[in-house]
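Undergrad: See work-v1.pdb below, with PDB, C-alpha atoms.
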ATOM      1  CA  MET H   1      -2.492  62.653  64.112
ATOM      2  CA  THR H   2       0.689  64.315  62.857
ATOM      3  CA  GLU H   3      -0.069  67.347  65.039
ATOM      4  CA  ILE H   4      -0.130  65.111  68.108
ATOM      5  CA  ALA H   5       3.168  63.510  67.110
ATOM      6  CA  ALA H   6       4.735  66.928  66.506
ATOM      7  CA  LYS H   7       3.550  68.163  69.910
ATOM      8  CA  PHE H   8       4.883  65.021  71.574
ATOM      9  CA  VAL H   9       8.291  65.426  69.922
ATOM     10  CA  SER H  10       8.374  69.067  70.935
ATOM     11  CA  ALA H  11       7.477  68.216  74.532
ATOM     12  CA  MET H  12      10.124  65.480  74.700
ATOM     13  CA  SER H  13      12.718  67.826  73.255
ATOM     14  CA  GLY H  14      11.858  70.448  75.861
ATOM     15  CA  PHE H  15      11.972  67.820  78.581
ATOM     16  CA  TRP H  16      15.383  66.573  77.416
ATOM     17  CA  TRP H  17      16.925  70.043  77.277
ATOM     18  CA  ALA H  18      15.536  70.889  80.725
ATOM     19  CA  LEU H  19      17.610  68.074  82.260
ATOM     20  CA  ASP H  20      21.162  68.510  83.502
ATOM     21  CA  GLU H  21      23.919  66.070  82.468
ATOM     22  CA  GLN H  22      23.417  63.728  85.427
ATOM     23  CA  GLU H  23      19.664  63.531  84.829
ATOM     24  CA  ARG H  24      20.233  62.851  81.126
ATOM     25  CA  ARG H  25      22.604  59.996  82.016
ATOM     26  CA  LEU H  26      19.996  58.579  84.389
ATOM     27  CA  VAL H  27      17.294  58.774  81.709
ATOM     28  CA  LEU H  28      19.587  57.044  79.199
ATOM     29  CA  LEU H  29      20.529  54.397  81.748
ATOM     30  CA  GLY H  30      16.844  53.778  82.481
ATOM     31  CA  LEU H  31      16.058  53.476  78.773
ATOM     32  CA  ALA H  32      18.964  51.070  78.284
ATOM     33  CA  TYR H  33      17.720  48.980  81.215
ATOM     34  CA  LEU H  34      14.196  48.947  79.796
ATOM     35  CA  ALA H  35      15.494  47.870  76.374
ATOM     36  CA  ALA H  36      17.571  45.102  77.977
ATOM     37  CA  MET H  37      14.528  43.830  79.881
ATOM     38  CA  ILE H  38      12.417  43.843  76.719
ATOM     39  CA  VAL H  39      15.006  41.549  75.130
ATOM     40  CA  TRP H  40      15.956  39.487  78.199
ATOM     41  CA  VAL H  41      12.513  38.565  79.587
ATOM     42  CA  PRO H  42      11.308  36.619  76.515
ATOM     43  CA  LEU H  43      14.687  34.880  76.215
ATOM     44  CA  GLU H  44      14.582  33.865  79.874
ATOM     45  CA  ARG H  45      10.977  32.675  79.509
ATOM     46  CA  SER H  46      11.874  30.494  76.516
ATOM     47  CA  ARG H  47      14.928  29.105  78.343
ATOM     48  CA  LYS H  48      12.780  28.106  81.312
ATOM     49  CA  GLU H  49      10.166  26.550  79.023
ATOM     50  CA  ARG H  50      12.890  24.575  77.231
ATOM     51  CA  GLU H  51      14.242  23.354  80.599
ATOM     52  CA  ARG H  52      10.728  22.311  81.668
ATOM     53  CA  GLN H  53      10.241  20.428  78.412
ATOM     54  CA  GLU H  54      13.614  18.680  78.768
ATOM     55  CA  LEU H  55      12.710  17.666  82.322
ATOM     56  CA  ALA H  56       9.313  16.349  81.195
ATOM     57  CA  ASP H  57      10.982  14.390  78.383
ATOM     58  CA  GLU H  58      13.489  12.904  80.839
ATOM     59  CA  VAL H  59      10.723  11.904  83.270
ATOM     60  CA  ALA H  60       8.755  10.317  80.410
ATOM     61  CA  ARG H  61      11.851   8.408  79.258
ATOM     62  CA  ILE H  62      12.493   7.098  82.786
ATOM     63  CA  LEU H  63       8.862   6.036  83.189
ATOM     64  CA  VAL H  64       8.927   4.184  79.869
ATOM     65  CA  GLU H  65      12.173   2.417  80.840
ATOM     66  CA  ARG H  66      10.749   1.370  84.223
ATOM     67  CA  SER H  67       7.520   0.106  82.711
ATOM     68  CA  GLY H  68       9.501  -2.236  80.477
ATOM     69  CA  GLY H  69       8.797  -0.353  77.254
TER      70      GLY H  69
END
Would you put the structure from the file into C-alpha coordinates?

TA:
Amino acid sequence: MTEIAAKFVSAMSGFWWALDEQERRLVLLGLAYLAAMIVWVPLERSRKERERQELADEVARILVERSGG
(Lines of atoms letter the chains of each structure in order from A and count residues from 1; the text may use other names and numbers.)
(Lines give C-alpha, C1' and ligand atoms only; values in the text may rest on other atoms or scores of the structure.)
Protein backbone atom coordinates (compact mmCIF):
# COMPACT_ATOMS: atom_id res chain seq x y z
CA MET A 1 0.00 0.00 0.00
CA THR A 2 2.83 2.42 0.75
CA GLU A 3 4.25 1.80 -2.73
CA ILE A 4 0.96 2.91 -4.26
CA ALA A 5 0.92 6.04 -2.10
CA ALA A 6 4.54 6.82 -3.03
CA LYS A 7 3.76 6.40 -6.73
CA PHE A 8 0.70 8.62 -6.40
CA VAL A 9 2.69 11.35 -4.65
CA SER A 10 5.38 11.11 -7.30
CA ALA A 11 2.81 11.36 -10.10
CA MET A 12 1.11 14.36 -8.48
CA SER A 13 4.46 16.06 -7.99
CA GLY A 14 5.31 15.52 -11.65
CA PHE A 15 1.89 16.77 -12.67
CA TRP A 16 2.26 19.90 -10.52
CA TRP A 17 5.70 20.77 -11.87
CA ALA A 18 4.52 20.24 -15.46
CA LEU A 19 1.99 23.07 -15.06
CA ASP A 20 2.77 26.71 -15.78
CA GLU A 21 1.88 29.44 -13.26
CA GLN A 22 -1.57 30.13 -14.72
CA GLU A 23 -2.48 26.44 -14.69
CA ARG A 24 -1.27 26.10 -11.10
CA ARG A 25 -3.47 29.05 -10.08
CA LEU A 26 -6.43 27.43 -11.82
CA VAL A 27 -5.80 24.12 -10.05
CA LEU A 28 -5.55 25.90 -6.69
CA LEU A 29 -8.69 27.90 -7.42
CA GLY A 30 -10.54 24.70 -8.32
CA LEU A 31 -9.36 23.01 -5.12
CA ALA A 32 -10.42 26.03 -3.06
CA TYR A 33 -13.84 25.96 -4.73
CA LEU A 34 -14.19 22.24 -4.05
CA ALA A 35 -13.24 22.73 -0.39
CA ALA A 36 -15.76 25.58 -0.07
CA MET A 37 -18.51 23.40 -1.55
CA ILE A 38 -17.67 20.55 0.82
CA VAL A 39 -18.23 22.95 3.72
CA TRP A 40 -21.10 25.01 2.26
CA VAL A 41 -23.43 22.25 0.98
CA PRO A 42 -24.05 20.60 4.38
CA LEU A 43 -24.50 24.01 6.03
CA GLU A 44 -27.02 25.05 3.38
CA ARG A 45 -28.84 21.72 3.72
CA SER A 46 -29.14 22.12 7.49
CA ARG A 47 -30.31 25.74 7.09
CA LYS A 48 -33.06 24.64 4.71
CA GLU A 49 -34.08 21.80 7.02
CA ARG A 50 -34.24 24.23 9.96
CA GLU A 51 -36.42 26.61 7.89
CA ARG A 52 -38.73 23.72 6.94
CA GLN A 53 -39.02 22.69 10.58
CA GLU A 54 -39.77 26.27 11.66
CA LEU A 55 -42.45 26.52 8.98
CA ALA A 56 -43.99 23.21 10.06
CA ASP A 57 -43.97 24.36 13.70
CA GLU A 58 -45.66 27.63 12.72
CA VAL A 59 -48.34 25.81 10.70
CA ALA A 60 -48.95 23.44 13.62
CA ARG A 61 -49.24 26.38 16.03
CA ILE A 62 -51.75 28.14 13.76
CA LEU A 63 -53.82 24.97 13.37
CA VAL A 64 -53.91 24.44 17.14
CA GLU A 65 -54.98 28.07 17.68
CA ARG A 66 -57.76 27.78 15.08
CA SER A 67 -59.04 24.51 16.50
CA GLY A 68 -59.51 26.18 19.87
CA GLY A 69 -56.66 24.35 21.59

Undergrad: By how many Å are atom CA of Pro42 of chain H and atom CA of Leu26 of chain H apart?

TA: 24.9 Å

Undergrad: Enter the distance from atom CA of Ile38 of chain H to atom CA of Val9 of chain H, in Å, rounded to one decimal.

TA: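 Answer for the atom CA of Ile38 of chain H to atom CA of Val9 of chain H separation: 23.0 Å.
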
Undergrad: Quick one, how far is atom CA of Ala11 of chain H from atom CA of Met37 of chain H?

TA: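 A separation of 25.9 Å between them.
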